[in-house]
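What follows is target-v1.cif (mmCIF, C-alpha atoms).
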```
data_upload
loop_
_atom_site.label_atom_id
_atom_site.label_comp_id
_atom_site.auth_asym_id
_atom_site.auth_seq_id
_atom_site.Cartn_x
_atom_site.Cartn_y
_atom_site.Cartn_z
CA MET Q 1 -20.43 26.85 9.55
CA ALA Q 2 -18.24 24.44 11.47
CA ALA Q 3 -18.83 20.80 10.55
CA PRO Q 4 -17.95 17.44 12.07
CA GLY Q 5 -14.59 16.25 10.79
CA GLY Q 6 -13.33 19.78 10.17
CA ALA Q 7 -14.94 20.20 6.73
CA ARG Q 8 -15.84 23.66 5.48
CA VAL Q 9 -19.58 23.92 4.87
CA ALA Q 10 -21.28 26.70 2.91
CA ALA Q 11 -25.02 27.15 2.57
CA THR Q 12 -24.67 29.24 -0.56
CA SER Q 13 -21.96 29.52 -3.17
CA ARG Q 14 -19.07 31.73 -2.11
CA THR Q 15 -17.59 34.57 -4.04
CA LYS Q 16 -14.22 36.00 -3.18
CA GLY Q 17 -14.36 38.45 -0.30
CA THR Q 18 -17.94 37.64 0.78
CA SER Q 19 -19.37 35.67 3.70
CA PRO Q 20 -22.88 34.49 2.79
CA ALA Q 21 -25.61 33.78 5.28
CA MET Q 22 -25.77 30.25 6.66
CA PRO Q 23 -29.42 29.29 7.23
CA ASP Q 24 -30.13 26.11 9.16
CA THR Q 25 -33.74 25.84 7.99
CA PRO Q 26 -34.86 25.06 4.45
CA GLN Q 27 -35.71 27.99 2.21
CA ASN Q 28 -38.20 27.30 -0.61
CA GLY Q 29 -37.77 23.57 -0.01
CA ALA Q 30 -33.97 23.67 -0.46
CA PRO Q 31 -31.79 21.45 1.76
CA THR Q 32 -29.73 22.99 4.56
CA ALA Q 33 -26.00 22.61 4.94
CA ALA Q 34 -26.58 20.80 8.23
CA GLN Q 35 -28.79 18.21 6.53
CA VAL Q 36 -26.19 17.59 3.84
CA GLN Q 37 -23.35 17.30 6.32
CA GLU Q 38 -25.30 14.88 8.49
CA ALA Q 39 -26.12 12.66 5.51
CA LEU Q 40 -22.53 12.67 4.27
CA GLY Q 41 -21.10 12.00 7.72
CA ALA Q 42 -23.17 8.82 8.07
CA VAL Q 43 -21.84 7.25 4.82
CA ARG Q 44 -19.33 4.48 5.50
CA GLU Q 45 -15.89 4.48 3.92
CA PRO Q 46 -15.71 1.02 2.25
CA ALA Q 47 -12.08 0.16 3.05
CA THR Q 48 -12.33 0.66 6.81
CA GLY Q 49 -16.05 0.55 7.55
CA LYS Q 50 -15.78 3.85 9.42
CA THR Q 51 -18.22 6.65 8.69
CA LEU Q 52 -16.93 9.67 6.80
CA ASP Q 53 -17.52 11.68 9.97
CA GLU Q 54 -15.53 9.27 12.17
CA ALA Q 55 -12.62 9.19 9.72
CA LYS Q 56 -12.83 12.94 9.00
CA LEU Q 57 -13.00 12.38 5.23
CA VAL Q 58 -15.45 15.13 4.22
CA ALA Q 59 -13.05 17.86 3.14
CA ASP Q 60 -15.50 20.44 1.78
CA VAL Q 61 -19.25 20.95 1.34
CA GLU Q 62 -21.13 23.72 -0.47
CA VAL Q 63 -24.92 23.98 -0.72
CA THR Q 64 -26.51 26.46 -3.12
CA GLY Q 65 -30.26 26.10 -3.33
CA GLY Q 66 -30.83 22.53 -4.49
CA ASN Q 67 -27.24 22.10 -5.70
CA VAL Q 68 -24.76 20.25 -3.52
CA ARG Q 69 -21.03 20.12 -4.07
CA ALA Q 70 -18.77 17.99 -1.85
CA THR Q 71 -15.14 16.91 -1.74
CA ILE Q 72 -14.51 13.47 -0.23
CA GLU Q 73 -11.11 12.06 0.66
CA MET Q 74 -10.27 8.35 0.19
CA LEU Q 75 -7.88 6.25 2.24
CA THR Q 76 -6.92 3.93 -0.63
CA PRO Q 77 -6.26 4.47 -4.34
CA LEU Q 78 -8.53 1.57 -5.31
CA GLN Q 79 -11.01 2.29 -8.11
CA GLN Q 80 -13.63 -0.16 -6.86
CA MET Q 81 -13.58 1.53 -3.45
CA ARG Q 82 -14.13 4.92 -5.09
CA GLN Q 83 -17.03 3.58 -7.13
CA GLN Q 84 -18.72 2.09 -4.06
CA LEU Q 85 -18.15 5.26 -2.05
CA GLU Q 86 -19.63 7.37 -4.85
CA ARG Q 87 -22.71 5.14 -5.08
CA ASP Q 88 -23.29 5.30 -1.33
CA THR Q 89 -22.68 9.05 -1.18
CA ARG Q 90 -25.06 9.83 -4.03
CA ALA Q 91 -27.71 7.58 -2.49
CA ALA Q 92 -27.39 9.37 0.87
CA LEU Q 93 -27.71 12.82 -0.74
CA ALA Q 94 -30.58 11.75 -3.00
CA ALA Q 95 -32.60 10.89 0.11
CA ILE Q 96 -32.52 14.54 1.24
CA PRO Q 97 -35.67 16.46 0.14
CA GLY Q 98 -34.86 19.32 -2.18
CA VAL Q 99 -31.52 18.08 -3.52
CA ALA Q 100 -31.63 18.63 -7.28
CA HIS Q 101 -28.01 18.26 -8.39
CA VAL Q 102 -24.93 16.67 -6.82
CA ASP Q 103 -21.33 17.42 -7.81
CA LEU Q 104 -18.80 15.13 -6.09
CA GLU Q 105 -15.02 15.27 -6.13
CA PHE Q 106 -13.01 12.35 -4.78
CA ARG Q 107 -9.34 12.67 -4.01
CA THR Q 108 -6.97 10.06 -2.67
CA LYS Q 109 -5.26 11.00 0.57
CA ILE Q 110 -3.49 7.92 1.88
CA ARG Q 111 -2.56 8.25 5.54
CA ALA Q 112 0.44 6.94 7.43
CA SER Q 113 -0.03 3.93 9.64
CA GLY Q 114 1.42 4.20 13.12
CA ALA Q 115 1.99 0.44 13.37
CA GLY Q 116 5.48 -0.90 13.90
CA ARG Q 117 8.05 0.23 16.44
CA SER Q 118 7.14 3.59 17.92
CA ASP Q 119 10.75 4.37 18.83
CA ALA Q 120 12.00 4.15 15.22
CA GLN Q 121 12.27 7.13 12.88
CA PRO Q 122 10.16 6.99 9.68
CA ILE Q 123 11.78 7.61 6.31
CA LYS Q 124 11.19 11.22 5.35
CA GLY Q 125 8.27 11.54 2.94
CA VAL Q 126 7.27 7.85 3.14
CA LYS Q 127 3.85 7.15 4.64
CA ASN Q 128 3.83 3.35 4.75
CA THR Q 129 6.58 0.72 4.47
CA ILE Q 130 5.67 -2.82 3.42
CA ALA Q 131 8.20 -5.60 4.04
CA VAL Q 132 7.87 -8.56 1.66
CA ALA Q 133 9.65 -11.47 3.32
CA SER Q 134 10.03 -15.24 3.23
CA GLY Q 135 11.50 -17.82 5.53
CA LYS Q 136 13.43 -19.45 2.70
CA GLY Q 137 14.54 -18.72 -0.84
CA GLY Q 138 12.95 -19.98 -4.02
CA VAL Q 139 9.34 -19.14 -3.18
CA GLY Q 140 9.04 -16.17 -5.55
CA LYS Q 141 9.34 -13.42 -2.95
CA SER Q 142 10.90 -10.88 -5.34
CA THR Q 143 8.25 -11.63 -7.96
CA VAL Q 144 5.55 -10.88 -5.38
CA ALA Q 145 7.31 -7.68 -4.21
CA VAL Q 146 7.76 -6.33 -7.74
CA ASN Q 147 4.20 -7.07 -8.83
CA LEU Q 148 2.77 -5.69 -5.57
CA ALA Q 149 4.64 -2.42 -6.09
CA VAL Q 150 3.55 -2.07 -9.72
CA ALA Q 151 -0.07 -2.99 -8.90
CA LEU Q 152 -0.23 -0.29 -6.21
CA ALA Q 153 1.25 2.22 -8.66
CA GLN Q 154 -1.29 1.23 -11.32
CA ALA Q 155 -4.05 1.93 -8.81
CA GLY Q 156 -2.79 5.51 -8.58
CA ALA Q 157 -0.56 5.47 -5.51
CA LYS Q 158 2.94 6.92 -5.24
CA VAL Q 159 5.13 3.85 -4.79
CA GLY Q 160 8.78 2.99 -4.27
CA LEU Q 161 10.59 -0.36 -4.34
CA LEU Q 162 13.74 -0.92 -2.28
CA ASP Q 163 15.61 -4.11 -3.13
CA THR Q 164 17.38 -5.02 0.12
CA ASP Q 165 18.48 -8.49 -1.03
CA VAL Q 166 22.11 -7.35 -1.27
CA TYR Q 167 23.54 -10.77 -2.14
CA GLY Q 168 21.05 -11.50 -4.90
CA PRO Q 169 19.41 -8.27 -6.13
CA SER Q 170 16.57 -9.01 -8.55
CA ALA Q 171 14.90 -5.63 -9.03
CA PRO Q 172 17.13 -4.39 -11.90
CA LEU Q 173 16.30 -7.39 -14.09
CA MET Q 174 12.66 -7.77 -13.05
CA MET Q 175 11.86 -4.06 -13.42
CA GLY Q 176 13.85 -3.65 -16.64
CA VAL Q 177 16.21 -0.90 -15.43
CA ASN Q 178 19.96 -1.10 -14.97
CA ASP Q 179 21.35 2.43 -15.12
CA ARG Q 180 23.45 4.01 -12.43
CA PRO Q 181 21.48 6.38 -10.19
CA LEU Q 182 22.43 10.06 -10.02
CA MET Q 183 23.33 12.08 -6.94
CA ARG Q 184 21.69 15.37 -6.04
CA ASP Q 185 22.40 17.35 -2.86
CA ASN Q 186 24.27 14.32 -1.49
CA LYS Q 187 21.19 12.15 -1.99
CA ILE Q 188 20.78 9.16 -4.31
CA ILE Q 189 18.01 9.66 -6.88
CA PRO Q 190 16.18 6.36 -7.42
CA LEU Q 191 15.48 5.12 -10.93
CA GLU Q 192 11.92 4.74 -12.19
CA ALA Q 193 10.14 1.93 -14.03
CA HIS Q 194 6.46 1.05 -14.50
CA GLY Q 195 5.47 4.05 -12.38
CA VAL Q 196 7.60 2.91 -9.43
CA LYS Q 197 10.73 4.50 -7.95
CA VAL Q 198 13.35 1.77 -7.64
CA MET Q 199 16.61 1.45 -5.70
CA SER Q 200 18.88 -1.60 -5.56
CA ILE Q 201 22.53 -2.36 -4.94
CA GLY Q 202 22.32 -4.00 -8.35
CA PHE Q 203 22.42 -0.49 -9.84
CA ILE Q 204 25.78 0.18 -8.19
CA MET Q 205 27.79 -3.05 -8.16
CA ASP Q 206 29.24 -4.97 -11.09
CA PRO Q 207 26.59 -7.55 -12.07
CA ASP Q 208 29.29 -10.17 -12.72
CA LYS Q 209 30.86 -9.85 -9.27
CA ALA Q 210 29.68 -11.35 -6.01
CA LEU Q 211 29.14 -9.15 -2.96
CA ILE Q 212 31.37 -10.64 -0.25
CA TRP Q 213 30.51 -8.57 2.83
CA ARG Q 214 30.09 -9.38 6.48
CA GLY Q 215 27.01 -8.39 8.44
CA PRO Q 216 28.16 -4.95 9.70
CA LEU Q 217 28.90 -3.74 6.18
CA VAL Q 218 25.52 -4.98 4.97
CA ALA Q 219 23.80 -3.18 7.84
CA GLN Q 220 25.71 0.00 6.94
CA LEU Q 221 24.56 -0.27 3.31
CA ILE Q 222 20.92 -0.74 4.31
CA THR Q 223 21.17 2.27 6.62
CA GLN Q 224 22.52 4.35 3.74
CA PHE Q 225 19.63 3.23 1.51
CA LEU Q 226 17.18 4.36 4.20
CA ASN Q 227 18.84 7.70 4.94
CA ASP Q 228 20.52 8.76 1.70
CA VAL Q 229 17.95 7.95 -1.00
CA HIS Q 230 15.70 10.84 -2.03
CA TRP Q 231 12.35 9.04 -2.29
CA GLY Q 232 10.25 12.19 -2.35
CA GLU Q 233 6.64 11.75 -1.26
CA LEU Q 234 5.54 8.09 -1.27
CA ASP Q 235 2.31 6.46 -0.18
CA TYR Q 236 3.96 3.03 -0.03
CA LEU Q 237 7.57 1.85 -0.02
CA VAL Q 238 7.81 -1.89 -0.75
CA LEU Q 239 10.88 -3.55 0.77
CA ASP Q 240 12.05 -6.73 -0.97
CA LEU Q 241 13.85 -8.52 1.86
CA PRO Q 242 16.37 -11.33 1.49
CA PRO Q 243 15.27 -14.80 2.63
CA GLY Q 244 15.55 -15.74 6.27
CA THR Q 245 15.81 -13.71 9.48
CA GLY Q 246 19.28 -12.17 9.37
CA ASP Q 247 21.12 -8.86 9.49
CA VAL Q 248 19.03 -7.03 6.89
CA GLN Q 249 15.73 -7.82 8.59
CA LEU Q 250 17.02 -6.79 12.01
CA THR Q 251 18.53 -3.56 10.68
CA LEU Q 252 15.28 -2.58 9.00
CA VAL Q 253 13.00 -3.20 11.98
CA GLN Q 254 15.39 -1.31 14.25
CA LYS Q 255 15.84 1.69 11.96
CA ILE Q 256 12.32 2.33 10.65
CA PRO Q 257 8.74 1.60 11.77
CA ILE Q 258 7.60 -1.01 9.26
CA SER Q 259 3.86 -0.64 8.68
CA GLY Q 260 3.35 -4.31 7.94
CA ALA Q 261 4.96 -7.49 6.64
CA VAL Q 262 3.76 -9.74 3.82
CA ILE Q 263 4.99 -13.33 4.18
CA VAL Q 264 5.47 -15.26 0.94
CA THR Q 265 5.34 -19.04 0.86
CA THR Q 266 4.39 -21.93 -1.39
CA PRO Q 267 1.89 -24.68 -0.47
CA GLN Q 268 4.79 -27.06 0.17
CA GLU Q 269 5.21 -28.06 3.83
CA VAL Q 270 8.94 -27.27 3.95
CA ALA Q 271 8.25 -23.72 2.75
CA LEU Q 272 5.35 -23.30 5.16
CA ALA Q 273 7.52 -24.28 8.13
CA ASP Q 274 10.05 -21.57 7.25
CA ALA Q 275 7.29 -19.05 6.55
CA VAL Q 276 6.04 -19.47 10.12
CA LYS Q 277 9.55 -18.70 11.40
CA GLY Q 278 9.57 -15.47 9.44
CA LEU Q 279 6.12 -14.60 10.74
CA LYS Q 280 7.19 -15.21 14.34
CA MET Q 281 10.26 -13.02 13.85
CA PHE Q 282 8.09 -10.03 12.94
CA ASP Q 283 5.85 -10.73 15.93
CA GLU Q 284 8.87 -10.69 18.23
CA VAL Q 285 10.12 -7.33 16.92
CA LYS Q 286 6.62 -5.79 17.22
CA THR Q 287 6.00 -5.49 13.50
CA PRO Q 288 2.45 -6.30 12.34
CA VAL Q 289 2.03 -9.08 9.80
CA LEU Q 290 -0.50 -8.12 7.15
CA GLY Q 291 -0.87 -11.70 6.01
CA ILE Q 292 0.42 -14.60 3.94
CA VAL Q 293 0.68 -14.90 0.17
CA GLU Q 294 0.60 -18.45 -1.19
CA ASN Q 295 2.69 -18.27 -4.35
CA MET Q 296 2.83 -21.10 -6.90
CA SER Q 297 -0.55 -22.28 -5.60
CA GLY Q 298 -1.13 -24.25 -8.77
CA PHE Q 299 -0.13 -24.62 -12.39
CA VAL Q 300 -2.57 -23.19 -14.91
CA CYS Q 301 -2.63 -25.56 -17.87
CA PRO Q 302 -2.32 -23.42 -21.02
CA GLY Q 303 -4.26 -26.01 -23.03
CA CYS Q 304 -7.26 -26.73 -20.82
CA GLY Q 305 -7.11 -23.80 -18.39
CA GLU Q 306 -7.42 -26.11 -15.37
CA MET Q 307 -5.45 -25.57 -12.14
CA HIS Q 308 -3.10 -28.34 -11.02
CA PRO Q 309 -1.76 -28.05 -7.42
CA ILE Q 310 1.72 -29.43 -8.16
CA PHE Q 311 3.20 -28.19 -4.84
CA GLY Q 312 0.32 -29.24 -2.62
CA GLU Q 313 -2.98 -27.61 -1.81
CA GLY Q 314 -4.41 -25.46 0.98
CA GLY Q 315 -1.16 -25.00 2.90
CA GLY Q 316 -1.26 -21.22 2.84
CA LYS Q 317 -4.83 -21.08 4.12
CA ARG Q 318 -4.13 -23.53 6.96
CA THR Q 319 -1.03 -21.61 8.01
CA ALA Q 320 -2.84 -18.27 7.91
CA GLU Q 321 -5.69 -19.62 10.04
CA ALA Q 322 -3.32 -21.27 12.52
CA ASN Q 323 -1.44 -17.99 13.02
CA LYS Q 324 -4.56 -15.76 12.96
CA VAL Q 325 -3.49 -13.70 9.95
CA GLU Q 326 -5.15 -13.09 6.61
CA LEU Q 327 -4.50 -15.16 3.51
CA LEU Q 328 -3.84 -12.20 1.23
CA GLY Q 329 -3.92 -14.18 -1.98
CA GLN Q 330 -3.08 -17.32 -3.92
CA VAL Q 331 -0.94 -16.74 -6.99
CA PRO Q 332 -0.85 -19.53 -9.59
CA ILE Q 333 2.06 -20.45 -11.85
CA GLU Q 334 2.04 -19.25 -15.44
CA PRO Q 335 4.97 -19.36 -17.86
CA ALA Q 336 4.37 -15.68 -18.58
CA ILE Q 337 5.54 -14.75 -15.06
CA MET Q 338 8.97 -16.19 -15.80
CA THR Q 339 9.10 -14.44 -19.17
CA GLY Q 340 8.08 -11.10 -17.67
CA GLY Q 341 10.62 -11.41 -14.88
CA ASP Q 342 13.43 -12.08 -17.33
CA THR Q 343 12.46 -9.29 -19.72
CA GLY Q 344 11.73 -6.57 -17.16
CA THR Q 345 7.95 -6.46 -17.56
CA PRO Q 346 6.10 -7.62 -14.40
CA GLN Q 347 2.95 -9.66 -14.93
CA VAL Q 348 0.59 -6.92 -13.76
CA ALA Q 349 2.04 -4.67 -16.47
CA ALA Q 350 2.31 -7.31 -19.21
CA ALA Q 351 -1.00 -9.11 -18.65
CA PRO Q 352 -3.12 -7.45 -15.95
CA GLU Q 353 -6.22 -9.45 -16.95
CA SER Q 354 -4.47 -12.82 -16.64
CA GLU Q 355 -5.19 -15.05 -13.67
CA THR Q 356 -1.86 -14.21 -12.05
CA GLY Q 357 -2.26 -10.53 -12.88
CA GLN Q 358 -5.63 -10.51 -11.15
CA ALA Q 359 -4.15 -12.36 -8.16
CA PHE Q 360 -1.48 -9.67 -7.74
CA HIS Q 361 -4.08 -6.91 -8.02
CA HIS Q 362 -6.13 -8.66 -5.34
CA LEU Q 363 -3.01 -8.77 -3.15
CA ALA Q 364 -2.47 -5.02 -3.63
CA GLU Q 365 -6.11 -4.38 -2.72
CA ARG Q 366 -5.89 -6.35 0.50
CA VAL Q 367 -2.61 -4.69 1.53
CA ALA Q 368 -4.01 -1.20 0.83
CA VAL Q 369 -7.20 -1.94 2.77
CA GLN Q 370 -5.31 -3.26 5.79
CA LEU Q 371 -2.99 -0.26 5.89
CA ALA Q 372 -5.97 2.09 5.56
CA SER Q 373 -7.62 0.41 8.54
CA GLN Q 374 -4.39 0.70 10.52
CA SER Q 375 -4.11 4.40 9.70
CA ILE Q 376 -7.49 4.95 11.36
CA ALA Q 377 -7.00 2.59 14.31
CA LYS Q 378 -3.41 3.66 14.95
CA PRO Q 379 -2.42 6.82 13.09
CA ARG Q 380 1.24 7.74 13.01
CA LYS Q 381 2.20 10.26 15.64
CA PRO Q 382 5.10 12.69 15.31
CA THR Q 383 8.36 11.13 16.47
CA ILE Q 384 10.59 13.30 18.64
CA MET Q 385 14.20 12.11 18.53
CA LEU Q 386 16.49 13.37 21.29
CA ARG Q 387 20.23 13.53 20.78
CA SER Q 388 22.81 13.53 23.51
CA VAL Q 389 25.36 16.36 23.35
#
```
Would you mind writing the file out in structure tokens?
Amino acid sequence: MAAPGGARVAATSRTKGTSPAMPDTPQNGAPTAAQVQEALGAVREPATGKTLDEAKLVADVEVTGGNVRATIEMLTPLQQMRQQLERDTRAALAAIPGVAHVDLEFRTKIRASGAGRSDAQPIKGVKNTIAVASGKGGVGKSTVAVNLAVALAQAGAKVGLLDTDVYGPSAPLMMGVNDRPLMRDNKIIPLEAHGVKVMSIGFIMDPDKALIWRGPLVAQLITQFLNDVHWGELDYLVLDLPPGTGDVQLTLVQKIPISGAVIVTTPQEVALADAVKGLKMFDEVKTPVLGIVENMSGFVCPGCGEMHPIFGEGGGKRTAEANKVELLGQVPIEPAIMTGGDTGTPQVAAAPESETGQAFHHLAERVAVQLASQSIAKPRKPTIMLRSV
């Protein structure tokens, strides 16, 4: 029986080489496949608010007497989304007369967002690219990028981290890896740490030497990282950008369709002013801004546990509202973040239940939800690149 959304629907259990009858009316009070499919199709996917029918997320349905088996796809790897979806699905099936037993399988199938420049070629195997940027240095951008990548990986996604801050690469130290990557079939094999594939110029250059390159050479290096690194299949590739709006940023937005940008700032007015410049840059190059992260939003006193807004208060929220973007999160200051960054253990790995750990997990949730919504509203279409001969 054909079903909305392309799911395979069986009214009785299949055995190899047989095609059972497909009744559309109940037999002995048992539910029909059509009833089950209709109930499933009306359930709403929690990340996007779309019904399972609209988003084509019902992959398979089998009905055998009063037993129902269904396979549901999810657009995010988030556990709380799966739990809510399972509750809603079971409730919808329980309302069907004659359903005695329900067997549900949920599988994550993150889709590629078609946001960003449509004339740019995606990185092979990478579904979504997330640019973590800041208008100025010193706001903790690399800390946010590293913890975002690890949090997404902890949720169950396939994640990569590309450190594009060529003059001050932080990923080797913050992720706790510093080996030289191998080559295979003329491709660079990224290193791995905390469940994340990692690539940085810090793995290649002498850590005691400064990189003294002009813009064209930097652009060439970034292009090589995009084309010559074997990322494999990734749900998300997090790009840790250098501060400002220079050569690296322009190279990236011209070469690949960035799914969305995350702007990092502190509550301080001087940081907020530069954050707005970064936000406007992405608007001008037709790259969607997922939202703003207010880092260092307050100091958590280790003695009393109270929050002290030492860099100001509410700046991130005001800036997000003024620019009509989401405030993705507010990350407080804890000494453990500094310790983790210096020892190669990001906060979400070292202390996931801490206040900062929870803030980074909330950030990952909001980013995943936004990209899931984009993948429905604007799915990626195949890009046909023509070459002159």
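Applied to the file shown here, the PyMOL selection byres ((chain Q and resi 138) around 12) selects the residues Ala133, Ser134, Gly135, Lys136, Gly137, Val139, Gly140, Lys141, Ser142, Thr143, Val144, Gly168, Pro242, Pro243, Gly244, Val264, Thr265, Thr266, Gln268, Val270, Ala271, Asp274, Asn295 and Met296 of chain Q.
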- For Phe225 (chain Q): contacts at 10 Å, all atoms listed in the file, fewer than 3 positions along chain excluded, given as a list in words: Leu162, Asp163, Thr164, Lys187, Ile188, Met199, Ser200, Ile201, Ala219, Gln220, Leu221, Ile222, Asp228, Val229 and His230 of chain Q
I'd like the neighbourhood of Leu173 (chain Q) as a PDB file with C-alpha atoms, in the frame of the given file, where a residue qualifies if any of its atoms comes within 12 Å (using all atoms listed in the file), though same-chain residues fewer than 3 positions away should be ignored.
```pdb
ATOM      1  CA  SER Q 142      10.900 -10.880  -5.340  1.00  0.00           C
ATOM      2  CA  THR Q 143       8.250 -11.630  -7.960  1.00  0.00           C
ATOM      3  CA  VAL Q 146       7.760  -6.330  -7.740  1.00  0.00           C
ATOM      4  CA  ASP Q 163      15.610  -4.110  -3.130  1.00  0.00           C
ATOM      5  CA  GLY Q 168      21.050 -11.500  -4.900  1.00  0.00           C
ATOM      6  CA  PRO Q 169      19.410  -8.270  -6.130  1.00  0.00           C
ATOM      7  CA  SER Q 170      16.570  -9.010  -8.550  1.00  0.00           C
ATOM      8  CA  GLY Q 176      13.850  -3.650 -16.640  1.00  0.00           C
ATOM      9  CA  VAL Q 177      16.210  -0.900 -15.430  1.00  0.00           C
ATOM     10  CA  ASN Q 178      19.960  -1.100 -14.970  1.00  0.00           C
ATOM     11  CA  ASP Q 179      21.350   2.430 -15.120  1.00  0.00           C
ATOM     12  CA  ALA Q 193      10.140   1.930 -14.030  1.00  0.00           C
ATOM     13  CA  VAL Q 198      13.350   1.770  -7.640  1.00  0.00           C
ATOM     14  CA  SER Q 200      18.880  -1.600  -5.560  1.00  0.00           C
ATOM     15  CA  GLY Q 202      22.320  -4.000  -8.350  1.00  0.00           C
ATOM     16  CA  PHE Q 203      22.420  -0.490  -9.840  1.00  0.00           C
ATOM     17  CA  PRO Q 207      26.590  -7.550 -12.070  1.00  0.00           C
ATOM     18  CA  MET Q 338       8.970 -16.190 -15.800  1.00  0.00           C
ATOM     19  CA  THR Q 339       9.100 -14.440 -19.170  1.00  0.00           C
ATOM     20  CA  GLY Q 340       8.080 -11.100 -17.670  1.00  0.00           C
ATOM     21  CA  GLY Q 341      10.620 -11.410 -14.880  1.00  0.00           C
ATOM     22  CA  ASP Q 342      13.430 -12.080 -17.330  1.00  0.00           C
ATOM     23  CA  THR Q 343      12.460  -9.290 -19.720  1.00  0.00           C
ATOM     24  CA  GLY Q 344      11.730  -6.570 -17.160  1.00  0.00           C
ATOM     25  CA  THR Q 345       7.950  -6.460 -17.560  1.00  0.00           C
ATOM     26  CA  PRO Q 346       6.100  -7.620 -14.400  1.00  0.00           C
TER      27      PRO Q 346
END
```
- Item | Residues in the PyMOL selection byres ((chain Q and resi 374) around 10), expressed as a PyMOL selection string | chain Q and resi 48+111-115+259-260+288+368-373+375-380
- Decode the PyMOL selection byres ((chain Q and resi 300) around 9) for the given file into explicit residues and return them as an MDAnalysis selection string. chainID Q and resid 298:299 301:309 332:335 355
Residue subset to file, keeping C-alpha atoms, as a PDB file, keeping the file's coordinate frame:
```pdb
ATOM      1  CA  GLY Q 298      -1.130 -24.250  -8.770  1.00  0.00           C
ATOM      2  CA  PHE Q 299      -0.130 -24.620 -12.390  1.00  0.00           C
ATOM      3  CA  CYS Q 301      -2.630 -25.560 -17.870  1.00  0.00           C
ATOM      4  CA  PRO Q 302      -2.320 -23.420 -21.020  1.00  0.00           C
ATOM      5  CA  GLY Q 303      -4.260 -26.010 -23.030  1.00  0.00           C
ATOM      6  CA  CYS Q 304      -7.260 -26.730 -20.820  1.00  0.00           C
ATOM      7  CA  GLY Q 305      -7.110 -23.800 -18.390  1.00  0.00           C
ATOM      8  CA  GLU Q 306      -7.420 -26.110 -15.370  1.00  0.00           C
ATOM      9  CA  MET Q 307      -5.450 -25.570 -12.140  1.00  0.00           C
ATOM     10  CA  HIS Q 308      -3.100 -28.340 -11.020  1.00  0.00           C
ATOM     11  CA  PRO Q 309      -1.760 -28.050  -7.420  1.00  0.00           C
ATOM     12  CA  PRO Q 332      -0.850 -19.530  -9.590  1.00  0.00           C
ATOM     13  CA  ILE Q 333       2.060 -20.450 -11.850  1.00  0.00           C
ATOM     14  CA  GLU Q 334       2.040 -19.250 -15.440  1.00  0.00           C
ATOM     15  CA  PRO Q 335       4.970 -19.360 -17.860  1.00  0.00           C
ATOM     16  CA  GLU Q 355      -5.190 -15.050 -13.670  1.00  0.00           C
TER      17      GLU Q 355
END
```
- Query: What does the distance from CA of Lys209 (chain Q) to CA of Tyr167 (chain Q) come to in Å, to one decimal?
  - Reply: 10.3 Å
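In this comparison, which uses all atoms listed in the file, the residue of Q:Lys50, Q:His101, Q:Arg87, Q:Arg214 approaching Ala30 (chain Q) most closely is Q:His101.
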Name all residues at most 8 Å from Val289 (chain Q) (count all atoms listed in the file; drop same-chain ones fewer than 6 positions away) and give them as a PDB file with C-alpha atoms, keeping the file's coordinate frame.
```
ATOM      1  CA  GLY Q 260       3.350  -4.310   7.940  1.00  0.00           C
ATOM      2  CA  ALA Q 261       4.960  -7.490   6.640  1.00  0.00           C
ATOM      3  CA  VAL Q 262       3.760  -9.740   3.820  1.00  0.00           C
ATOM      4  CA  ILE Q 263       4.990 -13.330   4.180  1.00  0.00           C
ATOM      5  CA  LEU Q 279       6.120 -14.600  10.740  1.00  0.00           C
ATOM      6  CA  PHE Q 282       8.090 -10.030  12.940  1.00  0.00           C
ATOM      7  CA  ASP Q 283       5.850 -10.730  15.930  1.00  0.00           C
ATOM      8  CA  VAL Q 325      -3.490 -13.700   9.950  1.00  0.00           C
TER       9      VAL Q 325
END
```
Because the input lacks atoms here, generate N, CA and C atoms for region 292-299 of chain Q and report them as a CSV table (one decimal), in the coordinates of the input.
```
chain,number,residue,atom,x,y,z
Q,292,ILE,N,-0.4,-13.6,4.7
Q,292,ILE,CA,0.4,-14.6,3.9
Q,292,ILE,C,0.0,-14.6,2.5
Q,293,VAL,N,0.9,-14.7,1.6
Q,293,VAL,CA,0.7,-14.9,0.2
Q,293,VAL,C,1.1,-16.3,-0.2
Q,294,GLU,N,0.2,-17.1,-0.7
Q,294,GLU,CA,0.6,-18.4,-1.2
Q,294,GLU,C,0.9,-18.3,-2.7
Q,295,ASN,N,2.2,-18.3,-3.0
Q,295,ASN,CA,2.7,-18.3,-4.4
Q,295,ASN,C,2.8,-19.7,-4.9
Q,296,MET,N,2.8,-19.8,-6.2
Q,296,MET,CA,2.8,-21.1,-6.9
Q,296,MET,C,1.7,-22.0,-6.4
Q,297,SER,N,0.5,-21.5,-6.2
Q,297,SER,CA,-0.6,-22.3,-5.6
Q,297,SER,C,-1.1,-23.4,-6.5
Q,298,GLY,N,-0.7,-23.2,-7.8
Q,298,GLY,CA,-1.1,-24.2,-8.8
Q,298,GLY,C,-0.7,-23.9,-10.2
Q,299,PHE,N,-0.5,-24.9,-11.0
Q,299,PHE,CA,-0.1,-24.6,-12.4
Q,299,PHE,C,-1.4,-24.5,-13.3
```
